[in-house]
file data-v7.cif (mmCIF, C-alpha atoms, pLDDT in the B column; chains and numbers go by the auth columns)
data_model
loop_
_atom_site.group_PDB
_atom_site.id
_atom_site.type_symbol
_atom_site.label_atom_id
_atom_site.label_comp_id
_atom_site.label_asym_id
_atom_site.label_seq_id
_atom_site.Cartn_x
_atom_site.Cartn_y
_atom_site.Cartn_z
_atom_site.B_iso_or_equiv
_atom_site.auth_seq_id
_atom_site.auth_asym_id
ATOM 1 C CA MET A 1 75.602 87.956 50.245 55.00 1 L
ATOM 2 C CA LYS A 2 73.445 90.287 52.341 56.00 2 L
ATOM 3 C CA LYS A 3 71.589 87.265 53.749 55.00 3 L
ATOM 4 C CA TYR A 4 74.883 85.724 54.973 50.00 4 L
ATOM 5 C CA SER A 5 76.022 89.014 56.503 48.00 5 L
ATOM 6 C CA MET A 6 72.796 89.262 58.479 44.00 6 L
ATOM 7 C CA LEU A 7 73.129 85.630 59.603 44.00 7 L
ATOM 8 C CA LEU A 8 76.722 86.242 60.718 43.00 8 L
ATOM 9 C CA LEU A 9 75.692 89.369 62.608 40.00 9 L
ATOM 10 C CA PHE A 10 72.851 87.458 64.283 44.00 10 L
ATOM 11 C CA CYS A 11 75.257 84.676 65.368 42.00 11 L
ATOM 12 C CA ILE A 12 77.720 87.200 66.782 43.00 12 L
ATOM 13 C CA VAL A 13 74.972 88.930 68.770 42.00 13 L
ATOM 14 C CA VAL A 14 73.659 85.619 70.153 43.00 14 L
ATOM 15 C CA ILE A 15 77.130 84.350 71.096 44.00 15 L
ATOM 16 C CA THR A 16 78.185 87.669 72.626 44.00 16 L
ATOM 17 C CA GLY A 17 74.946 87.942 74.583 47.00 17 L
ATOM 18 C CA HIS A 18 75.352 84.399 75.869 54.00 18 L
ATOM 19 C CA ALA A 19 78.951 85.095 76.950 62.00 19 L
ATOM 20 C CA GLN A 20 77.904 88.312 78.712 66.00 20 L
ATOM 21 C CA SER A 21 75.177 86.403 80.528 93.00 21 L
ATOM 22 C CA ASP A 22 77.723 83.790 81.669 96.00 22 L
ATOM 23 C CA VAL A 23 80.097 86.504 82.869 97.00 23 L
ATOM 24 C CA GLN A 24 77.270 88.146 84.817 97.00 24 L
ATOM 25 C CA LYS A 25 76.414 84.805 86.417 97.00 25 L
ATOM 26 C CA ILE A 26 80.048 84.197 87.362 98.00 26 L
ATOM 27 C CA ARG A 27 80.242 87.700 88.860 98.00 27 L
ATOM 28 C CA ALA A 28 77.101 86.826 90.840 98.00 28 L
ATOM 29 C CA VAL A 29 78.803 83.676 92.171 98.00 29 L
ATOM 30 C CA MET A 30 81.744 85.801 93.301 98.00 30 L
ATOM 31 C CA GLY A 31 79.270 88.160 94.982 98.00 31 L
ATOM 32 C CA GLN A 32 77.637 85.192 96.704 98.00 32 L
ATOM 33 C CA GLN A 33 81.053 84.169 98.017 98.00 33 L
ATOM 34 C CA THR A 34 81.761 87.634 99.369 98.00 34 L
ATOM 35 C CA THR A 35 78.388 87.862 101.118 98.00 35 L
ATOM 36 C CA ALA A 36 78.688 84.417 102.700 98.00 36 L
ATOM 37 C CA TRP A 37 82.267 85.028 103.861 98.00 37 L
ATOM 38 C CA ASN A 38 81.434 88.417 105.347 98.00 38 L
ATOM 39 C CA GLN A 39 78.565 86.811 107.274 97.00 39 L
ATOM 40 C CA GLY A 40 80.999 84.236 108.670 97.00 40 L
ATOM 41 C CA ASN A 41 79.214 81.416 106.833 97.00 41 L
ATOM 42 C CA LEU A 42 81.853 79.049 105.410 97.00 42 L
ATOM 43 C CA GLU A 43 79.258 76.467 104.360 97.00 43 L
ATOM 44 C CA ALA A 44 77.437 79.027 102.170 98.00 44 L
ATOM 45 C CA PHE A 45 80.814 80.233 100.861 98.00 45 L
ATOM 46 C CA MET A 46 81.598 76.641 99.858 98.00 46 L
ATOM 47 C CA ASP A 47 78.262 76.288 98.007 97.00 47 L
ATOM 48 C CA THR A 48 80.009 78.027 95.109 98.00 48 L
ATOM 49 C CA TYR A 49 82.498 75.155 94.791 98.00 49 L
ATOM 50 C CA TRP A 50 81.985 71.845 92.977 98.00 50 L
ATOM 51 C CA LYS A 51 80.918 69.356 95.645 98.00 51 L
ATOM 52 C CA SER A 52 83.262 66.635 94.471 98.00 52 L
ATOM 53 C CA ASP A 53 86.359 64.769 95.593 98.00 53 L
ATOM 54 C CA SER A 54 87.929 66.055 92.362 98.00 54 L
ATOM 55 C CA LEU A 55 87.763 69.729 93.394 98.00 55 L
ATOM 56 C CA LEU A 56 91.343 71.053 93.451 98.00 56 L
ATOM 57 C CA PHE A 57 92.445 73.845 95.796 98.00 57 L
ATOM 58 C CA VAL A 58 96.042 75.034 95.633 98.00 58 L
ATOM 59 C CA GLY A 59 97.187 77.393 98.378 95.00 59 L
ATOM 60 C CA LYS A 60 100.344 78.289 100.239 90.00 60 L
ATOM 61 C CA LYS A 61 100.393 74.836 101.880 89.00 61 L
ATOM 62 C CA GLY A 62 100.148 73.020 98.535 94.00 62 L
ATOM 63 C CA ALA A 63 97.401 71.123 96.746 97.00 63 L
ATOM 64 C CA ALA A 64 94.320 69.687 98.407 97.00 64 L
ATOM 65 C CA TYR A 65 91.635 67.616 96.718 98.00 65 L
ATOM 66 C CA GLY A 66 87.972 67.479 97.550 98.00 66 L
ATOM 67 C CA TRP A 67 85.168 69.745 98.648 98.00 67 L
ATOM 68 C CA GLN A 68 85.173 68.502 102.245 98.00 68 L
ATOM 69 C CA GLN A 69 88.955 68.819 102.569 98.00 69 L
ATOM 70 C CA THR A 70 88.765 72.385 101.252 98.00 70 L
ATOM 71 C CA LEU A 71 86.035 73.263 103.767 98.00 71 L
ATOM 72 C CA ASP A 72 88.035 71.646 106.590 97.00 72 L
ATOM 73 C CA ASN A 73 91.120 73.647 105.597 97.00 73 L
ATOM 74 C CA TYR A 74 89.135 76.896 105.603 97.00 74 L
ATOM 75 C CA ARG A 75 87.752 76.044 109.055 97.00 75 L
ATOM 76 C CA LYS A 76 91.291 75.455 110.397 96.00 76 L
ATOM 77 C CA SER A 77 92.675 78.648 108.861 95.00 77 L
ATOM 78 C CA TYR A 78 89.689 80.842 109.775 96.00 78 L
ATOM 79 C CA PRO A 79 88.092 79.395 112.946 96.00 79 L
ATOM 80 C CA SER A 80 86.156 82.540 113.857 96.00 80 L
ATOM 81 C CA LYS A 81 84.349 85.436 112.204 95.00 81 L
ATOM 82 C CA ASP A 82 87.040 87.816 113.520 95.00 82 L
ATOM 83 C CA GLU A 83 89.760 85.759 111.837 96.00 83 L
ATOM 84 C CA MET A 84 87.721 85.631 108.641 97.00 84 L
ATOM 85 C CA GLY A 85 87.350 89.406 108.584 97.00 85 L
ATOM 86 C CA GLN A 86 85.689 91.158 105.652 98.00 86 L
ATOM 87 C CA LEU A 87 86.429 89.855 102.154 98.00 87 L
ATOM 88 C CA GLN A 88 86.680 91.928 99.022 98.00 88 L
ATOM 89 C CA PHE A 89 87.457 90.711 95.508 97.00 89 L
ATOM 90 C CA THR A 90 88.856 92.690 92.616 97.00 90 L
ATOM 91 C CA LEU A 91 88.214 90.773 89.409 96.00 91 L
ATOM 92 C CA LEU A 92 90.970 91.341 86.874 97.00 92 L
ATOM 93 C CA LYS A 93 89.998 89.003 84.052 97.00 93 L
ATOM 94 C CA ILE A 94 87.115 86.692 83.193 98.00 94 L
ATOM 95 C CA GLN A 95 87.936 84.661 80.125 97.00 95 L
ATOM 96 C CA PRO A 96 86.121 81.783 78.414 97.00 96 L
ATOM 97 C CA LEU A 97 88.207 78.619 78.055 97.00 97 L
ATOM 98 C CA GLY A 98 85.714 76.756 75.906 95.00 98 L
ATOM 99 C CA THR A 99 82.112 75.696 76.078 95.00 99 L
ATOM 100 C CA GLY A 100 81.096 75.529 79.720 97.00 100 L
ATOM 101 C CA PHE A 101 84.423 76.714 81.197 98.00 101 L
ATOM 102 C CA TYR A 102 85.770 80.086 82.364 98.00 102 L
ATOM 103 C CA ASN A 103 89.036 81.260 83.872 98.00 103 L
ATOM 104 C CA VAL A 104 88.799 84.031 86.490 98.00 104 L
ATOM 105 C CA VAL A 105 91.825 85.945 87.770 98.00 105 L
ATOM 106 C CA GLY A 106 91.686 88.483 90.546 98.00 106 L
ATOM 107 C CA LYS A 107 92.833 89.817 93.879 98.00 107 L
ATOM 108 C CA TRP A 108 91.424 89.114 97.324 98.00 108 L
ATOM 109 C CA GLN A 109 91.664 91.251 100.443 98.00 109 L
ATOM 110 C CA LEU A 110 90.690 90.433 104.004 97.00 110 L
ATOM 111 C CA SER A 111 90.246 93.396 106.336 98.00 111 L
ATOM 112 C CA ARG A 112 90.700 92.198 109.916 97.00 112 L
ATOM 113 C CA LYS A 113 91.303 93.696 113.359 95.00 113 L
ATOM 114 C CA MET A 114 94.281 91.362 113.806 95.00 114 L
ATOM 115 C CA GLY A 115 95.876 92.457 110.531 96.00 115 L
ATOM 116 C CA ASP A 116 94.865 92.498 106.914 97.00 116 L
ATOM 117 C CA LEU A 117 95.674 89.762 104.423 97.00 117 L
ATOM 118 C CA ASN A 118 95.679 89.882 100.638 97.00 118 L
ATOM 119 C CA GLY A 119 96.714 87.918 97.604 97.00 119 L
ATOM 120 C CA HIS A 120 95.718 86.768 94.148 98.00 120 L
ATOM 121 C CA PHE A 121 93.651 83.903 92.785 98.00 121 L
ATOM 122 C CA THR A 122 92.973 81.977 89.617 98.00 122 L
ATOM 123 C CA LEU A 123 89.685 80.089 89.456 98.00 123 L
ATOM 124 C CA ILE A 124 88.354 77.682 86.873 98.00 124 L
ATOM 125 C CA PHE A 125 84.573 77.668 86.644 98.00 125 L
ATOM 126 C CA LYS A 126 82.551 74.909 85.028 98.00 126 L
ATOM 127 C CA LYS A 127 78.874 74.987 84.182 98.00 127 L
ATOM 128 C CA ILE A 128 77.373 72.126 86.175 97.00 128 L
ATOM 129 C CA GLY A 129 73.655 71.416 86.366 94.00 129 L
ATOM 130 C CA GLY A 130 72.826 74.775 84.828 93.00 130 L
ATOM 131 C CA GLY A 131 74.906 76.767 87.329 96.00 131 L
ATOM 132 C CA TRP A 132 78.527 77.879 87.587 98.00 132 L
ATOM 133 C CA LYS A 133 80.774 76.123 90.098 98.00 133 L
ATOM 134 C CA ILE A 134 84.447 76.542 90.938 98.00 134 L
ATOM 135 C CA ILE A 135 86.259 73.316 90.069 98.00 135 L
ATOM 136 C CA GLN A 136 89.786 74.591 90.662 98.00 136 L
ATOM 137 C CA ASP A 137 91.110 77.359 92.916 98.00 137 L
ATOM 138 C CA HIS A 138 94.697 78.554 93.164 98.00 138 L
ATOM 139 C CA SER A 139 94.917 81.245 95.816 97.00 139 L
ATOM 140 C CA SER A 140 98.074 82.765 97.193 94.00 140 L
#

call {"tool": "encode", "arguments": {"input": "data-v7.cif", "output": "structure tokens"}}
result
Amino acid sequence: MKKYSMLLLFCIVVITGHAQSDVQKIRAVMGQQTTAWNQGNLEAFMDTYWKSDSLLFVGKKGAAYGWQQTLDNYRKSYPSKDEMGQLQFTLLKIQPLGTGFYNVVGKWQLSRKMGDLNGHFTLIFKKIGGGWKIIQDHSS
């Protein structure tokens, strides 16, 4: 019985450690987004997204599919560094959905000379090629 208890404890420690590592990596991706945005670099910001025609972005104008379409929409909405402002995220919940998938819920805030903007987001991350990428973004 003691042998099984130790094995169970070992499995819990390994699984928990793995999940914490994934959460740290996802937080790092969110940090990468913030840094890129605040530098006015939309291309680097978009590096955190799945570069696929199947990427789904849902915003106030509805659903858009594809990495390039999402980048184009960001460029139209934020054509200059001043309009982009300074981005800050507040992460509210990071939850595993299954092997290789996480759900992230949070708030975003843009501080800008022309007026601040803010809202909420829900992101679905997928582990792709050893890294975490956003495959679905619903921001409002």

call {"tool": "closest_residue", "arguments": {"input": "data-v7.cif", "among": "L:Gln68, L:Asn118, L:Asn103, L:Ser21", "to": "Trp50 of chain L", "atoms": "all atoms listed in the file"}}
result
L:Gln68

call {"tool": "residues_around", "arguments": {"input": "data-v7.cif", "residues": "segment 128-134 of chain L", "least_positions_apart": "6", "cutoff": "7 Å", "atoms": "all atoms listed in the file", "output": "list in words"}}
result
Ile26, Thr48, Tyr49 and Trp50 of chain L

call {"tool": "closest_residue", "arguments": {"input": "data-v7.cif", "among": "L:Arg75, L:Lys127, L:His120, L:Lys81", "to": "Tyr102 of chain L", "atoms": "all atoms listed in the file"}}
result
L:Lys127

call {"tool": "atom_distance", "arguments": {"input": "data-v7.cif", "atom1": "atom CA of Asp137 of chain L", "atom2": "atom CA of Gln95 of chain L"}}
result
15.1 Å

call {"tool": "residues_around", "arguments": {"input": "data-v7.cif", "residues": "segment 109-117 of chain L", "least_positions_apart": "4", "cutoff": "9 Å", "atoms": "all atoms listed in the file", "output": "PyMOL selection string"}}
result
chain L and resi 82-90

call {"tool": "atom_distance", "arguments": {"input": "data-v7.cif", "atom1": "atom CA of Lys51 of chain L", "atom2": "atom CA of Gln136 of chain L"}}
result
11.4 Å

call {"tool": "decode", "arguments": {"input": "data-v7.cif", "residues": "segment 15-128 of chain L", "atoms": "C-alpha atoms", "output": "PDB file, in the first residue's frame"}}
result
ATOM      1  CA  ILE L  15       1.663  16.421 -13.330  1.00  0.00           C
ATOM      2  CA  THR L  16       1.414  19.528 -11.149  1.00  0.00           C
ATOM      3  CA  GLY L  17       4.951  20.583 -12.026  1.00  0.00           C
ATOM      4  CA  HIS L  18       4.246  20.104 -15.720  1.00  0.00           C
ATOM      5  CA  ALA L  19       1.044  22.177 -15.480  1.00  0.00           C
ATOM      6  CA  GLN L  20       2.864  24.953 -13.600  1.00  0.00           C
ATOM      7  CA  SER L  21       5.547  24.977 -16.280  1.00  0.00           C
ATOM      8  CA  ASP L  22       2.876  25.304 -18.995  1.00  0.00           C
ATOM      9  CA  VAL L  23       1.193  28.147 -17.117  1.00  0.00           C
ATOM     10  CA  GLN L  24       4.538  29.932 -16.779  1.00  0.00           C
ATOM     11  CA  LYS L  25       5.146  29.528 -20.511  1.00  0.00           C
ATOM     12  CA  ILE L  26       1.687  30.879 -21.337  1.00  0.00           C
ATOM     13  CA  ARG L  27       2.297  33.847 -19.021  1.00  0.00           C
ATOM     14  CA  ALA L  28       5.569  34.404 -20.900  1.00  0.00           C
ATOM     15  CA  VAL L  29       3.671  34.446 -24.215  1.00  0.00           C
ATOM     16  CA  MET L  30       1.334  37.083 -22.788  1.00  0.00           C
ATOM     17  CA  GLY L  31       4.398  39.059 -21.680  1.00  0.00           C
ATOM     18  CA  GLN L  32       5.839  38.755 -25.183  1.00  0.00           C
ATOM     19  CA  GLN L  33       2.595  40.175 -26.560  1.00  0.00           C
ATOM     20  CA  THR L  34       2.673  43.120 -24.182  1.00  0.00           C
ATOM     21  CA  THR L  35       6.298  43.945 -25.000  1.00  0.00           C
ATOM     22  CA  ALA L  36       5.763  43.742 -28.760  1.00  0.00           C
ATOM     23  CA  TRP L  37       2.581  45.838 -28.635  1.00  0.00           C
ATOM     24  CA  ASN L  38       4.170  48.508 -26.460  1.00  0.00           C
ATOM     25  CA  GLN L  39       7.058  48.737 -28.936  1.00  0.00           C
ATOM     26  CA  GLY L  40       4.546  49.272 -31.750  1.00  0.00           C
ATOM     27  CA  ASN L  41       5.528  45.971 -33.379  1.00  0.00           C
ATOM     28  CA  LEU L  42       2.349  44.249 -34.613  1.00  0.00           C
ATOM     29  CA  GLU L  43       4.293  41.545 -36.461  1.00  0.00           C
ATOM     30  CA  ALA L  44       6.065  40.466 -33.241  1.00  0.00           C
ATOM     31  CA  PHE L  45       2.733  40.692 -31.393  1.00  0.00           C
ATOM     32  CA  MET L  46       1.246  38.327 -33.985  1.00  0.00           C
ATOM     33  CA  ASP L  47       4.107  35.819 -33.534  1.00  0.00           C
ATOM     34  CA  THR L  48       2.159  34.568 -30.516  1.00  0.00           C
ATOM     35  CA  TYR L  49      -0.754  33.516 -32.740  1.00  0.00           C
ATOM     36  CA  TRP L  50      -1.079  30.295 -34.748  1.00  0.00           C
ATOM     37  CA  LYS L  51       0.052  31.153 -38.274  1.00  0.00           C
ATOM     38  CA  SER L  52      -2.850  29.409 -39.953  1.00  0.00           C
ATOM     39  CA  ASP L  53      -5.946  30.196 -41.984  1.00  0.00           C
ATOM     40  CA  SER L  54      -7.849  28.408 -39.203  1.00  0.00           C
ATOM     41  CA  LEU L  55      -6.946  30.978 -36.525  1.00  0.00           C
ATOM     42  CA  LEU L  56     -10.215  32.470 -35.237  1.00  0.00           C
ATOM     43  CA  PHE L  57     -10.446  36.034 -33.914  1.00  0.00           C
ATOM     44  CA  VAL L  58     -13.792  37.279 -32.634  1.00  0.00           C
ATOM     45  CA  GLY L  59     -14.060  40.990 -31.883  1.00  0.00           C
ATOM     46  CA  LYS L  60     -16.663  43.720 -31.874  1.00  0.00           C
ATOM     47  CA  LYS L  61     -16.945  43.505 -35.681  1.00  0.00           C
ATOM     48  CA  GLY L  62     -17.576  39.743 -35.624  1.00  0.00           C
ATOM     49  CA  ALA L  63     -15.511  36.697 -36.519  1.00  0.00           C
ATOM     50  CA  ALA L  64     -12.440  36.732 -38.727  1.00  0.00           C
ATOM     51  CA  TYR L  65     -10.443  33.703 -39.820  1.00  0.00           C
ATOM     52  CA  GLY L  66      -6.755  33.509 -40.517  1.00  0.00           C
ATOM     53  CA  TRP L  67      -3.489  34.869 -39.218  1.00  0.00           C
ATOM     54  CA  GLN L  68      -3.045  37.350 -42.069  1.00  0.00           C
ATOM     55  CA  GLN L  69      -6.616  38.641 -41.778  1.00  0.00           C
ATOM     56  CA  THR L  70      -6.123  39.153 -38.039  1.00  0.00           C
ATOM     57  CA  LEU L  71      -2.889  41.084 -38.640  1.00  0.00           C
ATOM     58  CA  ASP L  72      -4.579  43.187 -41.344  1.00  0.00           C
ATOM     59  CA  ASN L  73      -7.450  43.989 -38.973  1.00  0.00           C
ATOM     60  CA  TYR L  74      -5.025  45.069 -36.243  1.00  0.00           C
ATOM     61  CA  ARG L  75      -3.198  47.293 -38.747  1.00  0.00           C
ATOM     62  CA  LYS L  76      -6.491  48.969 -39.757  1.00  0.00           C
ATOM     63  CA  SER L  77      -7.623  49.480 -36.162  1.00  0.00           C
ATOM     64  CA  TYR L  78      -4.224  50.608 -34.842  1.00  0.00           C
ATOM     65  CA  PRO L  79      -2.329  52.263 -37.735  1.00  0.00           C
ATOM     66  CA  SER L  80       0.194  54.075 -35.539  1.00  0.00           C
ATOM     67  CA  LYS L  81       2.098  53.616 -32.292  1.00  0.00           C
ATOM     68  CA  ASP L  82       0.077  56.474 -30.747  1.00  0.00           C
ATOM     69  CA  GLU L  83      -3.179  54.694 -31.580  1.00  0.00           C
ATOM     70  CA  MET L  84      -1.782  51.444 -30.212  1.00  0.00           C
ATOM     71  CA  GLY L  85      -0.857  53.087 -26.920  1.00  0.00           C
ATOM     72  CA  GLN L  86       0.504  51.032 -24.031  1.00  0.00           C
ATOM     73  CA  LEU L  87      -1.034  47.608 -23.407  1.00  0.00           C
ATOM     74  CA  GLN L  88      -1.518  45.971 -20.051  1.00  0.00           C
ATOM     75  CA  PHE L  89      -3.081  42.583 -19.343  1.00  0.00           C
ATOM     76  CA  THR L  90      -4.654  41.370 -16.135  1.00  0.00           C
ATOM     77  CA  LEU L  91      -4.889  37.588 -16.251  1.00  0.00           C
ATOM     78  CA  LEU L  92      -7.933  36.325 -14.382  1.00  0.00           C
ATOM     79  CA  LYS L  93      -7.843  32.599 -15.070  1.00  0.00           C
ATOM     80  CA  ILE L  94      -5.544  30.119 -16.789  1.00  0.00           C
ATOM     81  CA  GLN L  95      -7.195  26.737 -17.006  1.00  0.00           C
ATOM     82  CA  PRO L  96      -6.172  23.509 -18.749  1.00  0.00           C
ATOM     83  CA  LEU L  97      -8.745  22.192 -21.226  1.00  0.00           C
ATOM     84  CA  GLY L  98      -6.986  18.913 -21.902  1.00  0.00           C
ATOM     85  CA  THR L  99      -3.614  17.736 -23.075  1.00  0.00           C
ATOM     86  CA  GLY L 100      -2.006  20.528 -25.060  1.00  0.00           C
ATOM     87  CA  PHE L 101      -4.798  23.106 -24.603  1.00  0.00           C
ATOM     88  CA  TYR L 102      -5.388  25.995 -22.185  1.00  0.00           C
ATOM     89  CA  ASN L 103      -8.118  28.582 -21.755  1.00  0.00           C
ATOM     90  CA  VAL L 104      -7.001  32.062 -20.647  1.00  0.00           C
ATOM     91  CA  VAL L 105      -9.426  34.746 -19.474  1.00  0.00           C
ATOM     92  CA  GLY L 106      -8.412  38.274 -18.642  1.00  0.00           C
ATOM     93  CA  LYS L 107      -8.734  42.005 -19.070  1.00  0.00           C
ATOM     94  CA  TRP L 108      -6.859  44.286 -21.442  1.00  0.00           C
ATOM     95  CA  GLN L 109      -6.215  48.005 -21.109  1.00  0.00           C
ATOM     96  CA  LEU L 110      -4.761  50.432 -23.618  1.00  0.00           C
ATOM     97  CA  SER L 111      -3.465  53.711 -22.212  1.00  0.00           C
ATOM     98  CA  ARG L 112      -3.454  56.302 -24.995  1.00  0.00           C
ATOM     99  CA  LYS L 113      -3.202  60.079 -25.360  1.00  0.00           C
ATOM    100  CA  MET L 114      -6.374  60.044 -27.471  1.00  0.00           C
ATOM    101  CA  GLY L 115      -8.338  58.134 -24.833  1.00  0.00           C
ATOM    102  CA  ASP L 116      -7.991  54.839 -23.063  1.00  0.00           C
ATOM    103  CA  LEU L 117      -9.635  51.614 -24.177  1.00  0.00           C
ATOM    104  CA  ASN L 118     -10.292  48.446 -22.210  1.00  0.00           C
ATOM    105  CA  GLY L 119     -12.136  45.174 -22.375  1.00  0.00           C
ATOM    106  CA  HIS L 120     -11.955  41.460 -21.719  1.00  0.00           C
ATOM    107  CA  PHE L 121     -10.623  38.477 -23.633  1.00  0.00           C
ATOM    108  CA  THR L 122     -10.818  34.716 -23.779  1.00  0.00           C
ATOM    109  CA  LEU L 123      -7.937  32.937 -25.493  1.00  0.00           C
ATOM    110  CA  ILE L 124      -7.467  29.298 -26.374  1.00  0.00           C
ATOM    111  CA  PHE L 125      -3.833  28.231 -26.449  1.00  0.00           C
ATOM    112  CA  LYS L 126      -2.573  25.092 -28.144  1.00  0.00           C
ATOM    113  CA  LYS L 127       0.864  23.567 -27.831  1.00  0.00           C
ATOM    114  CA  ILE L 128       2.241  23.575 -31.367  1.00  0.00           C
TER     115      ILE L 128
END
